>>> print(open('run.txt').read())   # compact mmCIF, C-alpha atoms
# COMPACT_ATOMS: atom_id res chain seq x y z
CA HIS A 231 -65.29 -26.84 -46.33
CA ARG A 232 -63.58 -25.54 -43.23
CA ASP A 233 -64.46 -22.59 -41.05
CA LEU A 234 -62.17 -19.67 -41.67
CA HIS A 235 -62.01 -19.02 -37.93
CA SER A 236 -60.30 -22.37 -37.46
CA PHE A 237 -57.16 -21.01 -39.16
CA PRO A 238 -54.70 -19.48 -36.63
CA THR A 239 -53.91 -15.79 -36.68
CA ARG A 240 -50.21 -14.91 -36.76
CA ARG A 241 -48.99 -11.61 -35.43
CA SER A 242 -45.52 -10.22 -34.80
CA SER A 243 -44.40 -6.79 -33.74
CA ASP A 244 -41.20 -4.93 -32.95
CA LEU A 245 -40.53 -1.76 -30.95
CA GLN A 246 -37.43 0.38 -31.21
CA THR A 247 -36.71 3.42 -29.06
CA ILE A 248 -35.12 6.27 -30.99
CA GLU A 249 -32.38 7.54 -28.69
CA ILE A 250 -31.74 11.25 -28.26
CA PRO A 251 -28.13 12.05 -29.26
CA THR A 252 -27.41 14.02 -26.08
CA GLU A 253 -28.70 11.18 -23.86
CA ARG A 254 -26.65 8.59 -25.71
CA SER A 255 -23.51 10.74 -25.49
CA ALA A 256 -23.98 11.31 -21.75
CA ARG A 257 -24.53 7.60 -21.13
CA LYS A 258 -21.39 6.76 -23.08
CA ARG A 259 -19.31 9.31 -21.14
CA ALA A 260 -20.62 7.95 -17.82
CA ALA A 261 -19.55 4.44 -18.82
CA GLN A 262 -16.11 5.59 -19.95
CA PHE A 263 -15.47 7.51 -16.72
CA GLY A 264 -16.72 4.50 -14.77
CA ILE A 265 -14.12 2.31 -16.47
CA GLU A 266 -11.39 4.87 -15.74
CA SER A 267 -12.47 5.04 -12.10
CA SER A 268 -12.35 1.25 -11.73
CA GLN A 269 -8.91 1.03 -13.34
CA SER A 270 -7.54 3.75 -11.05
CA GLY A 271 -9.00 2.00 -8.03
CA GLU A 272 -7.22 -1.18 -9.08
CA GLN A 273 -3.93 0.73 -9.39
CA ALA A 274 -4.40 2.14 -5.88
CA VAL A 275 -4.92 -1.34 -4.48
CA THR A 276 -1.80 -2.55 -6.29
CA LEU A 277 0.28 0.25 -4.77
CA SER A 278 -1.00 -0.61 -1.30
CA VAL A 279 -0.25 -4.32 -1.70
CA VAL A 280 3.26 -3.61 -2.99
CA ALA A 281 3.92 -1.23 -0.09
CA ASP A 282 2.78 -3.83 2.46
CA ALA A 283 5.07 -6.42 0.87
CA LYS A 284 8.03 -4.04 0.98
CA HIS A 285 7.38 -3.15 4.61
CA ALA A 286 7.32 -6.83 5.53
CA PHE A 287 10.45 -7.52 3.47
CA TYR A 288 12.53 -4.73 5.03
CA ASN A 289 11.32 -5.64 8.49
CA ALA A 290 12.63 -9.17 7.92
CA LEU A 291 15.98 -7.72 6.84
CA ARG A 292 16.03 -5.55 9.94
CA GLN A 293 15.34 -8.48 12.27
CA ARG A 294 18.03 -10.57 10.59
CA GLU A 295 20.50 -7.74 11.12
CA GLU A 296 19.49 -7.73 14.79
CA ILE A 297 20.39 -11.43 14.95
CA GLU A 298 23.82 -10.73 13.49
CA HIS A 299 24.47 -7.99 16.03
CA ALA A 300 23.28 -10.18 18.89
CA ARG A 301 25.45 -13.10 17.77
CA GLU A 302 28.47 -10.85 17.41
CA ASN A 303 27.88 -9.58 20.93
CA LEU A 304 27.50 -13.15 22.19
CA GLN A 305 30.78 -14.15 20.57
CA LEU A 306 32.58 -11.30 22.37
CA VAL A 307 30.99 -12.16 25.70
CA GLU A 308 31.83 -15.85 25.31
CA ASP A 309 35.46 -14.92 24.62
CA LEU A 310 35.52 -12.73 27.73
CA HIS A 311 33.90 -15.46 29.78
CA ARG A 312 36.56 -17.95 28.74
CA ARG A 313 39.32 -15.49 29.60
CA VAL A 314 37.86 -14.70 33.00
CA GLU A 315 37.28 -18.38 33.74
CA VAL A 316 40.93 -19.13 33.07
CA GLU A 317 42.06 -16.14 35.13
CA VAL A 318 39.87 -17.18 38.05
CA GLN A 319 41.21 -20.74 37.92
CA THR A 320 44.80 -19.42 37.97
CA GLY A 321 44.00 -17.01 40.77
CA GLU A 322 44.56 -13.84 38.77
CA LYS A 323 40.93 -12.71 39.16
CA GLY A 324 38.35 -13.02 41.89
CA ARG A 325 35.20 -15.08 41.73
CA LEU A 326 33.12 -11.90 41.33
CA GLU A 327 34.56 -11.31 37.86
CA LEU A 328 33.40 -14.76 36.74
CA THR A 329 29.93 -14.15 38.19
CA ARG A 330 29.65 -10.95 36.17
CA ALA A 331 30.82 -12.72 33.02
CA GLU A 332 28.30 -15.53 33.52
CA ALA A 333 25.45 -13.05 34.03
CA GLU A 334 26.45 -11.15 30.91
CA LEU A 335 26.72 -14.41 28.97
CA ALA A 336 23.17 -15.40 29.95
CA ARG A 337 21.94 -11.95 28.90
CA ALA A 338 23.72 -12.17 25.52
CA ARG A 339 22.23 -15.62 24.84
CA PHE A 340 18.77 -14.33 25.69
CA GLN A 341 19.24 -11.46 23.24
CA VAL A 342 20.11 -13.91 20.48
CA ARG A 343 17.04 -16.05 21.16
CA SER A 344 14.84 -12.96 21.31
CA ALA A 345 16.23 -11.68 18.00
CA GLU A 346 15.67 -15.08 16.39
CA LEU A 347 12.07 -15.09 17.62
CA GLN A 348 11.48 -11.61 16.19
CA TYR A 349 12.95 -12.75 12.88
CA ALA A 350 10.64 -15.77 12.81
CA ASN A 351 7.65 -13.46 13.37
CA ALA A 352 8.87 -11.16 10.60
CA ILE A 353 9.19 -14.11 8.19
CA ALA A 354 5.69 -15.29 9.12
CA ASN A 355 4.33 -11.81 8.43
CA LEU A 356 6.18 -11.69 5.11
CA ARG A 357 4.76 -15.09 4.18
CA VAL A 358 1.22 -13.89 4.84
CA THR A 359 1.77 -10.61 3.01
CA ILE A 360 3.01 -12.21 -0.21
CA ALA A 361 0.74 -15.27 0.15
CA ALA A 362 3.67 -17.67 0.04
CA PRO A 363 3.03 -21.39 0.56
CA ALA A 364 3.36 -22.64 4.12
CA ASP A 365 6.24 -24.95 3.18
CA ALA A 366 8.17 -22.29 1.24
CA ASN A 367 11.60 -21.50 2.67
CA LEU A 368 11.77 -17.72 2.63
CA ASP A 369 15.26 -16.27 2.68
CA PRO A 370 15.02 -12.54 1.88
CA GLN A 371 18.17 -11.13 0.35
CA GLY A 372 19.07 -7.48 0.07
CA GLY A 373 19.71 -4.44 2.17
CA PHE A 374 18.46 -0.97 2.94
CA GLU A 375 18.69 1.56 0.14
CA SER A 376 21.21 4.37 0.36
CA ARG A 377 20.08 7.87 1.21
CA THR A 378 18.33 9.96 -1.44
CA LEU A 379 18.05 13.69 -1.82
CA LEU A 380 14.32 14.41 -1.98
CA PRO A 381 12.78 17.24 -4.03
CA PRO A 382 10.99 20.07 -2.19
CA LEU A 383 7.82 19.09 -0.38
CA GLU A 384 5.62 21.45 -2.41
CA GLN A 385 6.76 19.84 -5.64
CA LEU A 386 5.98 16.36 -4.31
CA ARG A 387 2.59 17.48 -2.98
CA GLU A 388 1.59 18.85 -6.37
CA LYS A 389 2.66 15.61 -8.03
CA VAL A 390 0.80 13.37 -5.59
CA LEU A 391 -2.43 15.37 -5.68
CA ASP A 392 -2.39 15.29 -9.47
CA THR A 393 -1.36 11.73 -10.31
CA HIS A 394 -2.21 9.44 -7.39
CA PRO A 395 -4.67 6.71 -8.45
CA LEU A 396 -7.08 7.56 -5.63
CA ILE A 397 -7.28 11.14 -6.87
CA VAL A 398 -7.73 10.00 -10.46
CA GLU A 399 -10.42 7.58 -9.31
CA SER A 400 -12.33 10.28 -7.42
CA LYS A 401 -12.12 12.72 -10.31
CA ALA A 402 -13.33 10.06 -12.73
CA SER A 403 -16.20 9.19 -10.37
CA THR A 404 -17.17 12.86 -10.19
CA GLN A 405 -17.11 13.16 -13.97
CA ALA A 406 -19.16 9.97 -14.28
CA SER A 407 -21.72 11.42 -11.87
CA GLN A 408 -21.83 14.64 -13.89
CA ALA A 409 -22.41 12.64 -17.07
CA THR A 410 -25.22 10.76 -15.31
CA LEU A 411 -26.79 14.09 -14.37
CA ASP A 412 -26.58 15.24 -17.98
CA ARG A 413 -28.25 11.99 -19.06
CA GLU A 414 -31.09 12.39 -16.58
CA ARG A 415 -31.69 15.93 -17.83
CA ALA A 416 -31.62 14.74 -21.43
CA LEU A 417 -34.21 12.07 -20.63
CA ARG A 418 -36.75 14.80 -19.90
CA ILE A 419 -37.02 15.17 -23.65
CA PRO A 420 -39.56 12.59 -24.91
CA GLN A 421 -37.96 9.70 -26.76
CA PRO A 422 -39.97 8.55 -29.81
CA VAL A 423 -40.63 4.85 -30.14
CA ALA A 424 -40.88 3.42 -33.66
CA PHE A 425 -42.90 0.28 -34.10
CA ALA A 426 -43.66 -2.18 -36.87
CA GLU A 427 -46.32 -4.87 -36.71
CA TYR A 428 -47.20 -7.70 -39.04
CA GLU A 429 -50.48 -9.63 -38.84
CA ASN A 430 -51.52 -12.60 -40.90
CA GLN A 431 -55.19 -13.65 -40.82
CA PRO A 432 -56.90 -16.29 -42.92
CA ASP A 433 -58.51 -13.82 -45.27
CA LEU A 434 -55.92 -10.98 -45.25
CA ARG A 435 -52.51 -9.92 -44.13
CA PHE A 436 -51.21 -6.44 -43.46
CA TRP A 437 -48.40 -4.32 -41.95
CA ARG A 438 -48.59 -1.49 -39.47
CA VAL A 439 -45.76 0.98 -38.97
CA GLY A 440 -45.67 4.16 -36.98
CA ALA A 441 -44.20 6.00 -34.06
CA THR A 442 -45.31 7.01 -30.58
CA ILE A 443 -44.12 10.01 -28.62
CA PRO A 444 -44.74 10.01 -24.86
CA ILE A 445 -45.72 13.33 -23.38
CA PRO A 446 -44.46 13.57 -19.78
CA LEU A 447 -46.97 15.95 -18.26
CA TRP A 448 -46.04 15.26 -14.64
CA ASP A 449 -42.80 13.22 -14.71
CA ARG A 450 -39.94 15.72 -15.06
CA ARG A 451 -37.42 13.26 -13.54
CA ARG A 452 -36.90 15.51 -10.55
CA GLY A 453 -36.06 12.55 -8.30
CA GLN A 454 -33.46 11.11 -10.66
CA ILE A 455 -31.89 14.52 -11.22
CA ALA A 456 -31.72 15.22 -7.47
CA ASP A 457 -30.15 11.80 -6.90
CA ALA A 458 -27.52 12.48 -9.56
CA ARG A 459 -26.71 15.85 -7.97
CA ALA A 460 -26.35 14.20 -4.57
CA THR A 461 -23.97 11.65 -6.09
CA ILE A 462 -21.85 14.49 -7.50
CA SER A 463 -21.68 16.15 -4.09
CA GLN A 464 -20.72 12.86 -2.49
CA SER A 465 -17.99 12.22 -5.07
CA GLN A 466 -16.62 15.72 -4.57
CA ALA A 467 -16.57 15.22 -0.80
CA VAL A 468 -14.66 11.95 -1.24
CA LEU A 469 -12.18 13.74 -3.50
CA ASN A 470 -11.61 16.51 -0.93
CA ARG A 471 -11.16 13.97 1.87
CA ARG A 472 -8.65 11.96 -0.13
CA GLN A 473 -6.69 15.08 -1.01
CA LEU A 474 -6.39 15.96 2.69
CA GLU A 475 -5.43 12.39 3.63
CA LEU A 476 -2.81 12.09 0.92
CA ALA A 477 -1.33 15.49 1.74
CA ALA A 478 -1.09 14.56 5.42
CA ALA A 479 0.42 11.15 4.62
CA LEU A 480 2.96 12.81 2.32
CA GLU A 481 4.01 15.30 4.99
CA ARG A 482 4.41 12.53 7.58
CA ALA A 483 6.50 10.35 5.27
CA TYR A 484 8.58 13.32 4.11
CA GLU A 485 9.37 14.49 7.66
CA GLN A 486 10.04 10.94 8.82
CA TYR A 487 12.51 10.42 5.99
CA GLN A 488 14.33 13.66 6.71
CA LEU A 489 14.59 13.02 10.46
CA ALA A 490 15.60 9.38 10.08
CA ASP A 491 18.18 10.31 7.44
CA GLN A 492 19.71 12.95 9.70
CA GLN A 493 19.87 10.51 12.59
CA ALA A 494 21.37 7.71 10.48
CA THR A 495 23.96 10.03 8.95
CA SER A 496 24.93 11.39 12.36
CA LEU A 497 25.29 7.92 13.89
CA GLU A 498 27.30 6.60 10.95
CA ALA A 499 29.65 9.60 10.96
CA GLY A 500 30.24 9.94 14.70
CA SER A 501 28.69 7.78 17.37
CA LEU A 502 29.22 4.41 15.69
CA ARG A 503 32.92 4.99 15.05
CA ALA A 504 33.43 6.32 18.56
CA ALA A 505 31.67 3.32 20.11
CA GLU A 506 33.68 0.85 18.02
CA SER A 507 36.92 2.60 18.99
CA ALA A 508 35.90 2.50 22.65
CA VAL A 509 35.31 -1.26 22.49
CA ASP A 510 38.66 -1.86 20.81
CA ALA A 511 40.41 0.26 23.40
CA ALA A 512 38.66 -1.45 26.30
CA LYS A 513 39.49 -4.90 24.94
CA ALA A 514 43.16 -3.95 24.48
CA ALA A 515 43.34 -2.49 27.98
CA TYR A 516 41.75 -5.63 29.40
CA ARG A 517 44.30 -7.86 27.71
CA PHE A 518 47.10 -5.84 29.29
CA GLY A 519 45.42 -5.88 32.67
CA GLU A 520 44.74 -2.15 32.72
CA ARG A 521 40.94 -2.47 32.75
CA GLY A 522 38.46 -4.93 34.18
CA ILE A 523 35.68 -6.85 32.49
CA VAL A 524 33.15 -4.26 33.55
CA GLU A 525 34.71 -1.60 31.36
CA VAL A 526 34.71 -3.94 28.37
CA LEU A 527 31.09 -4.93 28.90
CA ASP A 528 30.03 -1.32 29.32
CA ALA A 529 31.76 -0.33 26.09
CA GLN A 530 30.15 -3.27 24.30
CA ARG A 531 26.69 -2.29 25.57
CA VAL A 532 27.21 1.24 24.28
CA LEU A 533 28.20 -0.16 20.89
CA GLN A 534 25.13 -2.42 20.82
CA ASN A 535 22.88 0.53 21.66
CA VAL A 536 24.42 2.65 18.92
CA ARG A 537 24.06 -0.16 16.41
CA GLY A 538 20.45 -0.64 17.43
CA ASP A 539 19.75 3.08 17.08
CA LEU A 540 21.42 3.12 13.66
CA LEU A 541 19.42 0.11 12.50
CA ASP A 542 16.19 1.71 13.73
CA ALA A 543 17.03 4.94 11.90
CA GLN A 544 17.87 3.10 8.67
CA PHE A 545 14.66 1.09 8.90
CA ALA A 546 12.61 4.23 9.58
CA ARG A 547 14.22 5.94 6.59
CA GLN A 548 13.49 2.93 4.38
CA THR A 549 9.91 2.72 5.64
CA ALA A 550 9.39 6.39 4.83
CA MET A 551 10.81 5.85 1.34
CA VAL A 552 8.37 2.97 0.76
CA ASP A 553 5.52 5.23 1.86
CA LEU A 554 6.69 7.96 -0.52
CA GLU A 555 6.80 5.41 -3.34
CA SER A 556 3.27 4.19 -2.57
CA LEU A 557 2.07 7.80 -2.64
CA GLY A 558 3.63 8.27 -6.07
CA ALA A 559 5.91 11.04 -4.78
CA VAL A 560 9.10 9.28 -5.90
CA ALA A 561 9.76 6.49 -8.36
CA PRO A 562 10.71 3.08 -6.93
CA ALA A 563 14.39 2.33 -6.98
CA VAL A 564 15.48 0.01 -9.78
CA ARG A 565 17.65 -2.81 -8.50
CA PRO A 566 20.18 -4.52 -10.79
>>> encode(input="run.txt", output="C-alpha cells")
Amino acid sequence: HRDLHSFPTRRSSDLQTIEIPTERSARKRAAQFGIESSQSGEQAVTLSVVADAKHAFYNALRQREEIEHARENLQLVEDLHRRVEVEVQTGEKGRLELTRAEAELARARFQVRSAELQYANAIANLRVTIAAPADANLDPQGGFESRTLLPPLEQLREKVLDTHPLIVESKASTQASQATLDRERALRIPQPVAFAEYENQPDLRFWRVGATIPIPLWDRRRGQIADARATISQSQAVLNRRQLELAAALERAYEQYQLADQQATSLEAGSLRAAESAVDAAKAAYRFGERGIVEVLDAQRVLQNVRGDLLDAQFARQTAMVDLESLGAVAPAVRP
C-alpha cells in the first residue's frame, strides 16, 4: 500500500490572447510602413554613394585634363626656349630673351608637377570613395557629358518632392506613426484571454477552460497615445525639413547647371577660338621675326587661362548634373 500523496500531480495550462481586429490591422500597417521607410532610406543612401563616386570620378578626369594642358604648354615653352637659346648663341637675340624663356620654362614645369600632384590626390580620393584596393591601378576613362536641355524648374521640383527616397521615407514613417497611434487607441478596448488548463492528480483528472476579460478602470493608455502623437509630429517636422532642403538643393543645382552651361558655351564659341588664333598668330610672327618671345608667352598664358576657365565650367556643369541625378530630377545618362 502506498500513500496517494506520494504520487506526483501533473498540471499544464495554456493562455491565448484574443486579438482585436482593429489592433491587429493597425499593427500590421505599422510594420508594412516601417519596411517601406527602411527600403526608401536604403535607396537614399545608395543615391548619395553613387553621387559621391561620380563626383570623385569626374574630378579625376578634370585633373587629368589639367595635366594634358600643362604638358602641352610645357612643350610649347620648351620649343621656344630652344629657339631662343640658338638665337642667343648666334647673336640674333640678347641674353634677356633667354632669361625670360628660362623663367617661363621653370614656371611651365612647376605647373606640370602641380597638376600631377592634384591628379594623384584625385585618384586617392576616388580610391577611398569606391573602396578600391590599395594596390589597384585606377585609370578612369571617359569624359564630361554634353549639354542637356533641362525641363522647367517647377516641373523638376514637383517630381523631386514626390518621388525622392527621403520624401518617401518620411511619408512612410509618418504613416507608420499614425498606424501606431491607431493601435494604441485600439488597445484601450479590453482584450479577452482564453485559457485551458489540464490537471492530473492521483485520484482524479480534469480540464478547465474559460476566458478572462481585463477591465481597465484607470489605465486608458494616455501615455502611449501621447507618445504616438508626438512621434507623428516629429515625423511630420522631418518631412517638412526634408522638403525644404531638397527644394533648396534642387534650385542650387539647377542654377549652377544653367550658369555653367552658359559659360562653357560662350567660351567654346568665342574666347577659346580667339585665344587659339592669337597663339598661332604670335608663333607665326615670332618665326618671321616680327614679334618677340614675350608676345608669344602672353598669348599662350591667355590660352591657358581660357582653357582653365572652360574646364572649370564643364566640371561645374557636370557636377550640377550629378547633383540633379542624385535628387531624382533627371535620369542618369546611359553610356554605351
>>> residues_around(input="run.txt", residues="A:Glu332", least_positions_apart="2", cutoff="10 Å", atoms="all atoms listed in the file", output="MDAnalysis selection string")
chainID A and resid 307:308 310:312 314:315 326:330 334:338
>>> closest_residue(input="run.txt", among="A:Gln273, A:Gln341, A:Gln493, A:Asn351", to="A:Ile297", atoms="only C-alpha atoms")
A:Gln341
>>> closest_residue(input="run.txt", among="A:Leu291, A:His285, A:Ser400, A:Arg343", to="A:Ser268", atoms="only C-alpha atoms")
A:Ser400
>>> atom_distance(input="run.txt", atom1="atom CA of A:Ala456", atom2="atom CA of A:Ile443")
25.1 Å
>>> closest_atom_pairs(input="run.txt", of="stretch 348-392 of chain A", to="stretch 467-481 of chain A", cutoff="9 Å", atoms="all atoms listed in the file", output="CSV")
residue,atom,partner,partner_atom,distance
A:Leu383,CA,A:Glu481,CA,7.6
A:Leu386,CA,A:Leu480,CA,8.1
A:Arg387,CA,A:Ala477,CA,6.5
A:Val390,CA,A:Leu476,CA,7.6
A:Leu391,CA,A:Gln473,CA,6.3
>>> atom_distance(input="run.txt", atom1="atom CA of A:Asp369", atom2="atom CA of A:Ala345")
16.0 Å
>>> closest_residue(input="run.txt", among="A:Ile462, A:Ala283, A:Tyr484, A:Gln246", to="A:Ala362", atoms="all atoms listed in the file")
A:Ala283
>>> atom_distance(input="run.txt", atom1="atom CA of A:Leu277", atom2="atom CA of A:Leu557")
8.0 Å
>>> residues_around(input="run.txt", residues="stretch 498-507 of chain A", least_positions_apart="4", cutoff="10 Å", atoms="only C-alpha atoms", output="list of chain:residue names")
A:Gln492, A:Gln493, A:Ala494, A:Ala511, A:Ala512, A:Lys513, A:Ala529, A:Gln530, A:Arg531, A:Val532, A:Leu533, A:Gln534, A:Asn535, A:Val536, A:Arg537, A:Asp539, A:Leu540
>>> closest_residue(input="run.txt", among="A:Asn355, A:Gln548, A:Gln421, A:Ser496", to="A:Glu249", atoms="all atoms listed in the file")
A:Gln421
>>> closest_residue(input="run.txt", among="A:Leu411, A:Ala274, A:Leu245, A:Leu379", to="A:Val398", atoms="only C-alpha atoms")
A:Ala274
>>> closest_residue(input="run.txt", among="A:Gln431, A:Gln544, A:Gln305, A:Gln262", to="A:Leu489", atoms="all atoms listed in the file")
A:Gln544
>>> axis_aligned_box(input="run.txt", around="stretch 433-440 of chain A", padding_each_side="6 Å", output="AutoDock Vina command-line options")
--center_x -52.1 --center_y -4.8 --center_z -41.1 --size_x 24.8 --size_y 30.0 --size_z 20.3
>>> decode(input="run.txt", residues="stretch 251-312 of chain A", atoms="C-alpha atoms", output="mmCIF file, in the first residue's frame")
data_model
loop_
_atom_site.group_PDB
_atom_site.id
_atom_site.type_symbol
_atom_site.label_atom_id
_atom_site.label_comp_id
_atom_site.auth_asym_id
_atom_site.auth_seq_id
_atom_site.Cartn_x
_atom_site.Cartn_y
_atom_site.Cartn_z
ATOM 1 C CA PRO A 251 -9.235 43.021 -35.340
ATOM 2 C CA THR A 252 -8.612 46.779 -35.389
ATOM 3 C CA GLU A 253 -5.487 46.433 -33.215
ATOM 4 C CA ARG A 254 -4.098 43.653 -35.379
ATOM 5 C CA SER A 255 -4.763 45.633 -38.565
ATOM 6 C CA ALA A 256 -3.070 48.743 -37.157
ATOM 7 C CA ARG A 257 -0.038 46.739 -36.030
ATOM 8 C CA LYS A 258 0.251 45.165 -39.466
ATOM 9 C CA ARG A 259 0.049 48.547 -41.213
ATOM 10 C CA ALA A 260 2.717 49.979 -38.896
ATOM 11 C CA ALA A 261 5.050 47.112 -39.781
ATOM 12 C CA GLN A 262 4.411 47.476 -43.514
ATOM 13 C CA PHE A 263 5.074 51.222 -43.463
ATOM 14 C CA GLY A 264 8.188 50.574 -41.385
ATOM 15 C CA ILE A 265 9.508 48.238 -44.075
ATOM 16 C CA GLU A 266 8.740 50.813 -46.777
ATOM 17 C CA SER A 267 10.505 53.505 -44.772
ATOM 18 C CA SER A 268 13.620 51.355 -44.350
ATOM 19 C CA GLN A 269 13.730 50.474 -48.048
ATOM 20 C CA SER A 270 13.411 54.135 -49.044
ATOM 21 C CA GLY A 271 16.171 55.072 -46.618
ATOM 22 C CA GLU A 272 18.407 52.468 -48.231
ATOM 23 C CA GLN A 273 17.651 53.922 -51.676
ATOM 24 C CA ALA A 274 18.567 57.406 -50.440
ATOM 25 C CA VAL A 275 21.904 56.137 -49.151
ATOM 26 C CA THR A 276 22.545 54.419 -52.483
ATOM 27 C CA LEU A 277 21.906 57.655 -54.381
ATOM 28 C CA SER A 278 24.294 59.533 -52.103
ATOM 29 C CA VAL A 279 27.052 56.932 -52.502
ATOM 30 C CA VAL A 280 26.671 56.902 -56.292
ATOM 31 C CA ALA A 281 26.790 60.714 -56.396
ATOM 32 C CA ASP A 282 29.988 60.786 -54.311
ATOM 33 C CA ALA A 283 31.586 58.233 -56.631
ATOM 34 C CA LYS A 284 30.637 60.257 -59.705
ATOM 35 C CA HIS A 285 31.978 63.467 -58.192
ATOM 36 C CA ALA A 286 35.290 61.777 -57.451
ATOM 37 C CA PHE A 287 35.401 60.208 -60.931
ATOM 38 C CA TYR A 288 34.786 63.460 -62.814
ATOM 39 C CA ASN A 289 37.233 65.313 -60.601
ATOM 40 C CA ALA A 290 39.897 62.784 -61.593
ATOM 41 C CA LEU A 291 39.049 63.363 -65.261
ATOM 42 C CA ARG A 292 39.284 67.096 -64.709
ATOM 43 C CA GLN A 293 42.705 66.861 -63.078
ATOM 44 C CA ARG A 294 43.986 64.615 -65.858
ATOM 45 C CA GLU A 295 42.830 67.181 -68.403
ATOM 46 C CA GLU A 296 44.758 69.802 -66.431
ATOM 47 C CA ILE A 297 47.886 67.658 -66.819
ATOM 48 C CA GLU A 298 47.379 67.482 -70.578
ATOM 49 C CA HIS A 299 47.013 71.252 -70.817
ATOM 50 C CA ALA A 300 50.072 71.815 -68.640
ATOM 51 C CA ARG A 301 52.178 69.388 -70.684
ATOM 52 C CA GLU A 302 51.060 70.976 -73.931
ATOM 53 C CA ASN A 303 52.062 74.358 -72.550
ATOM 54 C CA LEU A 304 55.409 72.944 -71.419
ATOM 55 C CA GLN A 305 56.058 71.541 -74.880
ATOM 56 C CA LEU A 306 55.471 74.973 -76.432
ATOM 57 C CA VAL A 307 57.695 76.706 -73.906
ATOM 58 C CA GLU A 308 60.466 74.140 -74.382
ATOM 59 C CA ASP A 309 60.311 74.722 -78.144
ATOM 60 C CA LEU A 310 60.541 78.477 -77.607
ATOM 61 C CA HIS A 311 63.406 78.028 -75.187
ATOM 62 C CA ARG A 312 65.368 76.001 -77.721
#
